[in-house]
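Report on the structure given below.
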Protein chains: 2
Amino acid sequence: MPIMDMLWSGWGDPERAERLPDSVTDLLRELLGVHAEPAQPVKLAEIELPAARPIPLADIVGEEHVRTDDETRIRHARGKSTPDLLRIRAGDARSAPDAVVLPGSHDEVAQVLARCAEHRIAVVPFGGGTSVVGGLTPEADAFAGVVALDLRRLDRLVGVDTVSRTATLQPGLRAPRAEELLNAQGYTLGHFPQSFEWASIGGFAAARSSGQASAGYGRFDEMVVALTLATPRGTIETGRSPRSAAGPDLRQLVLGSEGAFGVITEVTVRIRPLPETRAYEGWLFPSLSEGVTAMRALAQDGPLPTVLRLSDETETMIGLARPGELGQSSGGPGGCLAICGYDGTAAEVAERRAKVRAVLESLGGEYQGEEPGESWARGRYTAPYLRDALLDAGVLAETLETAGFWSNLSRLYDAVRLTLSHQLSSSVVMCHVSHLYPAGASLYFTVVTAQGEEPLESWGRAKAAVNDAIIEAGGTITHHHGVGVDHRDWYAREAGPLGIEALRAVKDRLDPEGIMNPGVLIPPVGGSA
Amino acid sequence: MPIMDMLWSGWGDPERAERLPDSVTDLLRELLGVHAEPAQPVKLAEIELPAARPIPLADIVGEEHVRTDDETRIRHARGKSTPDLLRIRAGDARSAPDAVVLPGSHDEVAQVLARCAEHRIAVVPFGGGTSVVGGLTPEADAFAGVVALDLRRLDRLVGVDTVSRTATLQPGLRAPRAEELLNAQGYTLGHFPQSFEWASIGGFAAARSSGQASAGYGRFDEMVVALTLATPRGTIETGRSPRSAAGPDLRQLVLGSEGAFGVITEVTVRIRPLPETRAYEGWLFPSLSEGVTAMRALAQDGPLPTVLRLSDETETMIGLARPGELGQSSGGPGGCLAICGYDGTAAEVAERRAKVRAVLESLGGEYQGEEPGESWARGRYTAPYLRDALLDAGVLAETLETAGFWSNLSRLYDAVRLTLSHQLSSSVVMCHVSHLYPAGASLYFTVVTAQGEEPLESWGRAKAAVNDAIIEAGGTITHHHGVGVDHRDWYAREAGPLGIEALRAVKDRLDPEGIMNPGVLIPPVGGSA
């Protein structure tokens, strides 16, 4: 396969692993009360897997595209949440599929689904494998087998419509390769989530991804103009027009369906001309509330930068993306750092920057120059590497997120922080406001705490309490991580019993055997929700 | 009731009926070969209705809110398409409901639906009554009765969230009153479809309305951030955040559901500050293709005016909104007229106008001053009145619309025009491009032809052929009129069998007795699609 596999026990390219300076490690361990010995992952070869059950798909995809070796199964056992990593590092790969199957076309996907329905084999669509919400670990005990449907062979840019400025992409295309192919024709998708280096187009659509440049380019679900979905009962094709009044928007039923209805086999998205210039800059606000007021002004009255995010006091102080400085006394000015980024022609960027500057200065912002922005941009994909280094040092780091209306944002912020401080005796909680809309925004939290004796249990309790707090404070259980198995029961509270029934009705019709990612998104009947 | 009823046999306020000058009438009749005598509607009192079946809802809504008098039933018999008018003008009110019921709250709506399900009584949600696609004439022969659920008593502005810039509105609120209430607080919804003067908030949501200022304010479905839906099986509440990754977007399942799943009882929408200034202007392009290129440039690279539309050569020549000039020799410059409108602060409008001017001039546009724009704005709601005058004169006028991607737009345009010219021996067909998106736009056609001997049949054949042509040319069957009964079978081709099955599954779950607007949107099982 031309696609590189991620580090099985953590994030990304093993060559790019981040090392924390010993001074930082020592300081963190002291601050968070970490007393345990540093903990390394088990060896891959030591992991024991349950025997693979027979998966009769070779006649459809070809013998060489049905993989049952231990390493491939382990690499498809779970996603990349911190609990996923804690489990896999401890050698727990019980969730590994019986086989990893690599279809080469929409028709092969369709045939695989029909066959699996016939044999009651659960199917887990697998793109970049970057889920942090249990999207790759279905509840499949009742099934005769589990297949991870790895879409990496569906990796083509099918076509570019330069008049309509759209591109049709296959789901297994990884984001960097999609950008490369579009850049070569003078276009960009403009979708840069933190998982960018590994995530896939199909995953972006299935889980409603939102990227760091969403202020300028929109969320992924807003970019999609057409979709093809293979289900066990046939194919749905949507999208004859950017917008339509022809009934409920079926695209919006497929987007966010997380493999529970079928497999997205083609996505047509809006594309933009490759920007001539990219510029980043930093702004400092005296307080979070003043910063939020300024963000809201830009979101409601414009102009919007392409990238826009505001760190709270803690995140500003810790500057997570610059691990080298982590051990130094902050010495900085305090306050809340905002990052603004601008894509466009030189003239357009200059004009927009000047207008943003006028707004932010009038609302108490102090310009910090380009360095903080450039520094953020350089480090934007490194946090998950850092997490691995922290795990090695006995420190647990995890992120969680929500979104709400502007008038409810400080209540949501307080609810999450208060709950975490009650749940975790010694922890650092930081947050940024990002993904701004006229009516609201998302809150993205990073938590760092000691792993303790039973990290899965203690973090599980804290996370459950935070989920409760988010739902009770009126927020959505996820702004862009998705639902998976982990958020499912809170999602059921958010959507309400009848909302879930409506979605279950769709699933029952498209996937009557219930083989598609069972337990992901939609609670089983009579299940925990 | 404080809300005025529309002219039962036509459009709008009878006091504002448009009279065509005799010279225009004569010319049109000659041009289109109209030989019949001018045809006036029957008298209201002469219309015979089927006996009203008993509707047991008085205990829920109160005796005075169950209306069974002939006039009220006739006024709720159908919508306002030209076939609707031809039928009602001829005294055919067989589609009248047995009763018109006026619930006063969400809870009353919920109780009415439960009761009707119990008694197998079909329910037709009724807002402004402006449907032009058969949204008010369900296929209800198999039911024990039909109720029109007139939502006019649910007419409150529930609240304004000035921080999030959203407003919560009840569905029976008519658009002008909603604007008035919001304007009083310094805000506007910015939603001005041609039906503005009569249409309701609930109808906008249920049928995915798009207004004439959609370039600036977005479509109605894009404005909605939260919805409440009463169904025969309970209530769905959606919208905790402007955007979310929590599963498929249930709002987008309710939007466009046209009463087939339930009744929308509350809508929360984005609002904007009332603009300081509104300006309109005209631009002339040598040809439609040059005009479309210019529209596309604004839609893709900006800046976008608030209103943006481009008439083809025929519509430009005829200037439909100025009936007084209809009989005059055009004497104009030919070409294609575009209208640009701008809402905003004076400074912002001036800047945007200058930028738009630079783009349009560089692409062959010739500035026509403000007069054509002001004239369009003055006449923007008069076309439906004009239709009544034409019907009186034996002339049939109707509109139809579609949308597609930019690269497919000229194919769609040609397909519709060619089909109409084949179908109608003598007719005038005009079109404008409006509702622009980065990836595509809508095409809005107006057809004027002789009524002939059997106008319902001949227009019905032409319309069916156009629908076929739109689907075959890859367009959507409707950009903003909706599906109703009239577009349903073509909608089924657009959504595909499995797409329709998914929606039918939702309907079966929320409305197991099938009482909600039966035959609207979703084809009956084994039905015509």
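We name chains A, B, ... following the order of the structure tokens; residues begin at 1 in each chain, and ligands are numbered from 1 as shown.
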inquiry  = With only C-alpha atoms considered, list every residue of chain A at most 7 Å from chain B, as a PyMOL selection string.
reply    = chain A and resi 163-166+207-208+235-236+238+240-249+252-257+270+403-407+437+439-440+474-483+491+495-496+498-499+502+505-506+509-510+521
task = Tell me, as a list in words, which residues lie within 8 Å of range 143-146 of chain B, counting only C-alpha atoms; anything in the same chain fewer than 5 positions away does not count.
result = Arg53, Pro54, Ile55, Pro97, Asp98, Ala99, His119, Arg120, Ile121, Ala122, Val123, Val124 and Ile515 of chain B
ask   = Taking into account only C-alpha atoms, which residue in the set B:Ala215, B:Val466, B:Val101, B:Ala389 is nearest to Val66 in chain B?
value =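 Closest candidate: B:Val101.
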query = Pro38 in chain B: which residues within 7 Å, counting only C-alpha atoms, same-chain residues fewer than 2 positions away excluded, as a PyMOL selection string?
reply = chain B and resi 36+40+392-394
message = Would you compute the distance between CA of Asp92 in chain A and CA of Ile47 in chain A? Give it in Å to one decimal.
response =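 About the pair CA of Asp92 in chain A and CA of Ile47 in chain A: they are 7.3 Å apart.
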query = What lies within 10 Å of range 105-107 of chain B using only C-alpha atoms, ignoring chain neighbours under 6 positions off, as a list in words?
reply =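 Once the nearby chain positions are removed, what remains is Ile60, Val61, Leu113, Leu151, Arg153, Leu154, Asp155, Gln170, Thr228, Leu229, Ala230, Thr235, Val263, Ile264, Thr265 and Glu266 of chain B.
Closest approach to Ser375 in chain A among A:Met516, A:Met4, A:Ala397, A:Ile339 is made by A:Ile339 (distances from only C-alpha atoms).
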Exercise: Ala90 in chain A partners within 10 Å, only C-alpha atoms, chain neighbours under 3 positions left out, as number ranges by chain = A: 9, 39-43, 47, 84-87, 93
message = I'd like to know which of A:Val109, A:Val485, A:Leu31, A:Val292 is closest to Gly364 in chain A, using only C-alpha atoms.
response = A:Val292
request  = Using CA of Glu398 in chain A and CA of Gly135 in chain A as the two end points, give the distance in Å to one decimal.
outcome  =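 Separating CA of Glu398 in chain A from CA of Gly135 in chain A is a distance of 16.4 Å.
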ask   = Can you list, as a ChimeraX atom specification, every protein, DNA or RNA residue that comes within 10 Å of Arg73 in chain B when you count only C-alpha atoms, leaving out same-chain residues fewer than 5 positions away?
value = /B:49,52,67-68,78,93,95-100,147-148
key: Coordinates-based distance that separates CA of Ala299 in chain A from CA of Ala354 in chain A (Å, one decimal)   =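 Rounded to one decimal, the two atoms are 16.1 Å apart.
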inquiry  = I need the helix (DSSP H, G or I) residues of range 351-470 of chain B per DSSP on the backbone, written as JSON, numbers by chain.
reply    = {"B": [351, 352, 353, 354, 355, 356, 357, 358, 359, 360, 361, 362, 371, 372, 373, 374, 375, 376, 377, 378, 379, 383, 384, 385, 386, 387, 388, 389, 390, 391, 392, 406, 407, 408, 409, 410, 411, 412, 413, 414, 415, 416, 417, 418, 419, 420, 421, 422, 423, 455, 456, 457, 458, 459, 460, 461, 462, 463, 464, 465, 466, 467, 468, 469, 470]}
inquiry  = I'd like the contact shell of Ser426 in chain B - 10 Å cut-off, only C-alpha atoms, skipping same-chain residues fewer than 2 positions apart - returned as a count of residues only.
reply    = 14
request  = Have a look at B:Ala142, B:Leu44, B:Leu400, B:Leu360 and name the one nearest to Pro524 in chain B; count only C-alpha atoms.
outcome  =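 Closest to Pro524 in chain B, using only C-alpha atoms: B:Ala142.
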inquiry  = I need the strand (DSSP E) residues of range 143-239 of chain A per DSSP on the backbone, written as a ChimeraX atom specification.
reply    = /A:145-150,157-161,166-169,187-188,224-231,234-238
Take the residues just selected and output them with N, CA and C atoms as an mmCIF file, in the first residue's frame.
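Ended up saving to part_8.cif:
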```cif
data_model
loop_
_atom_site.group_PDB
_atom_site.id
_atom_site.type_symbol
_atom_site.label_atom_id
_atom_site.label_comp_id
_atom_site.auth_asym_id
_atom_site.auth_seq_id
_atom_site.Cartn_x
_atom_site.Cartn_y
_atom_site.Cartn_z
ATOM 1 N N GLY A 145 -19.135 -12.118 12.877
ATOM 2 C CA GLY A 145 -17.785 -11.667 12.549
ATOM 3 C C GLY A 145 -17.770 -10.159 12.455
ATOM 4 N N VAL A 146 -16.561 -9.615 12.410
ATOM 5 C CA VAL A 146 -16.414 -8.165 12.260
ATOM 6 C C VAL A 146 -15.362 -7.891 11.180
ATOM 7 N N VAL A 147 -15.747 -7.029 10.240
ATOM 8 C CA VAL A 147 -14.830 -6.648 9.166
ATOM 9 C C VAL A 147 -14.534 -5.160 9.278
ATOM 10 N N ALA A 148 -13.248 -4.803 9.243
ATOM 11 C CA ALA A 148 -12.903 -3.395 9.059
ATOM 12 C C ALA A 148 -12.789 -3.166 7.556
ATOM 13 N N LEU A 149 -13.628 -2.258 7.052
ATOM 14 C CA LEU A 149 -13.632 -1.984 5.614
ATOM 15 C C LEU A 149 -12.696 -0.797 5.371
ATOM 16 N N ASP A 150 -11.437 -1.115 5.102
ATOM 17 C CA ASP A 150 -10.432 -0.060 4.925
ATOM 18 C C ASP A 150 -10.537 0.490 3.505
ATOM 19 N N LEU A 157 -8.873 11.259 -7.011
ATOM 20 C CA LEU A 157 -9.594 12.497 -7.337
ATOM 21 C C LEU A 157 -10.326 12.172 -8.631
ATOM 22 N N VAL A 158 -11.631 12.001 -8.550
ATOM 23 C CA VAL A 158 -12.396 11.526 -9.704
ATOM 24 C C VAL A 158 -12.492 12.606 -10.773
ATOM 25 N N GLY A 159 -12.636 13.857 -10.335
ATOM 26 C CA GLY A 159 -12.727 14.919 -11.333
ATOM 27 C C GLY A 159 -12.861 16.280 -10.693
ATOM 28 N N VAL A 160 -12.514 17.284 -11.466
ATOM 29 C CA VAL A 160 -12.653 18.669 -11.022
ATOM 30 C C VAL A 160 -13.544 19.392 -12.015
ATOM 31 N N ASP A 161 -14.565 20.071 -11.523
ATOM 32 C CA ASP A 161 -15.441 20.897 -12.364
ATOM 33 C C ASP A 161 -15.013 22.343 -12.113
ATOM 34 N N THR A 166 -16.104 22.626 -8.124
ATOM 35 C CA THR A 166 -16.323 21.465 -7.264
ATOM 36 C C THR A 166 -15.338 20.373 -7.658
ATOM 37 N N ALA A 167 -15.079 19.481 -6.729
ATOM 38 C CA ALA A 167 -14.231 18.326 -7.013
ATOM 39 C C ALA A 167 -14.912 17.090 -6.468
ATOM 40 N N THR A 168 -14.796 15.992 -7.215
ATOM 41 C CA THR A 168 -15.363 14.730 -6.775
ATOM 42 C C THR A 168 -14.222 13.829 -6.318
ATOM 43 N N LEU A 169 -14.336 13.363 -5.083
ATOM 44 C CA LEU A 169 -13.241 12.649 -4.427
ATOM 45 C C LEU A 169 -13.728 11.299 -3.924
ATOM 46 N N TYR A 187 -6.208 24.628 -6.951
ATOM 47 C CA TYR A 187 -7.321 24.733 -5.994
ATOM 48 C C TYR A 187 -6.924 24.212 -4.617
ATOM 49 N N THR A 188 -7.749 24.557 -3.649
ATOM 50 C CA THR A 188 -7.619 23.989 -2.298
ATOM 51 C C THR A 188 -9.006 23.656 -1.783
ATOM 52 N N VAL A 224 -19.843 20.073 1.217
ATOM 53 C CA VAL A 224 -20.322 18.935 0.425
ATOM 54 C C VAL A 224 -21.545 19.323 -0.406
ATOM 55 N N VAL A 225 -21.487 19.062 -1.701
ATOM 56 C CA VAL A 225 -22.660 19.315 -2.548
ATOM 57 C C VAL A 225 -23.284 18.027 -3.079
ATOM 58 N N ALA A 226 -22.563 16.927 -3.024
ATOM 59 C CA ALA A 226 -23.149 15.657 -3.474
ATOM 60 C C ALA A 226 -22.427 14.504 -2.784
ATOM 61 N N LEU A 227 -23.166 13.401 -2.615
ATOM 62 C CA LEU A 227 -22.648 12.233 -1.907
ATOM 63 C C LEU A 227 -23.217 10.964 -2.528
ATOM 64 N N THR A 228 -22.427 9.910 -2.502
ATOM 65 C CA THR A 228 -22.943 8.586 -2.841
ATOM 66 C C THR A 228 -22.777 7.693 -1.616
ATOM 67 N N LEU A 229 -23.835 6.998 -1.256
ATOM 68 C CA LEU A 229 -23.813 6.121 -0.084
ATOM 69 C C LEU A 229 -24.178 4.703 -0.512
ATOM 70 N N ALA A 230 -23.271 3.762 -0.258
ATOM 71 C CA ALA A 230 -23.592 2.345 -0.474
ATOM 72 C C ALA A 230 -24.164 1.799 0.820
ATOM 73 N N THR A 231 -25.325 1.173 0.742
ATOM 74 C CA THR A 231 -25.934 0.571 1.934
ATOM 75 C C THR A 231 -26.145 -0.917 1.654
ATOM 76 N N GLY A 234 -28.680 -1.189 -1.139
ATOM 77 C CA GLY A 234 -28.527 -0.474 -2.411
ATOM 78 C C GLY A 234 -27.867 0.863 -2.207
ATOM 79 N N THR A 235 -27.951 1.708 -3.221
ATOM 80 C CA THR A 235 -27.182 2.950 -3.245
ATOM 81 C C THR A 235 -28.096 4.166 -3.223
ATOM 82 N N ILE A 236 -27.687 5.181 -2.470
ATOM 83 C CA ILE A 236 -28.359 6.483 -2.497
ATOM 84 C C ILE A 236 -27.399 7.482 -3.126
ATOM 85 N N GLU A 237 -27.888 8.203 -4.122
ATOM 86 C CA GLU A 237 -27.088 9.270 -4.718
ATOM 87 C C GLU A 237 -27.806 10.590 -4.507
ATOM 88 N N THR A 238 -27.092 11.571 -3.974
ATOM 89 C CA THR A 238 -27.725 12.844 -3.657
ATOM 90 C C THR A 238 -26.957 13.978 -4.315
#
```
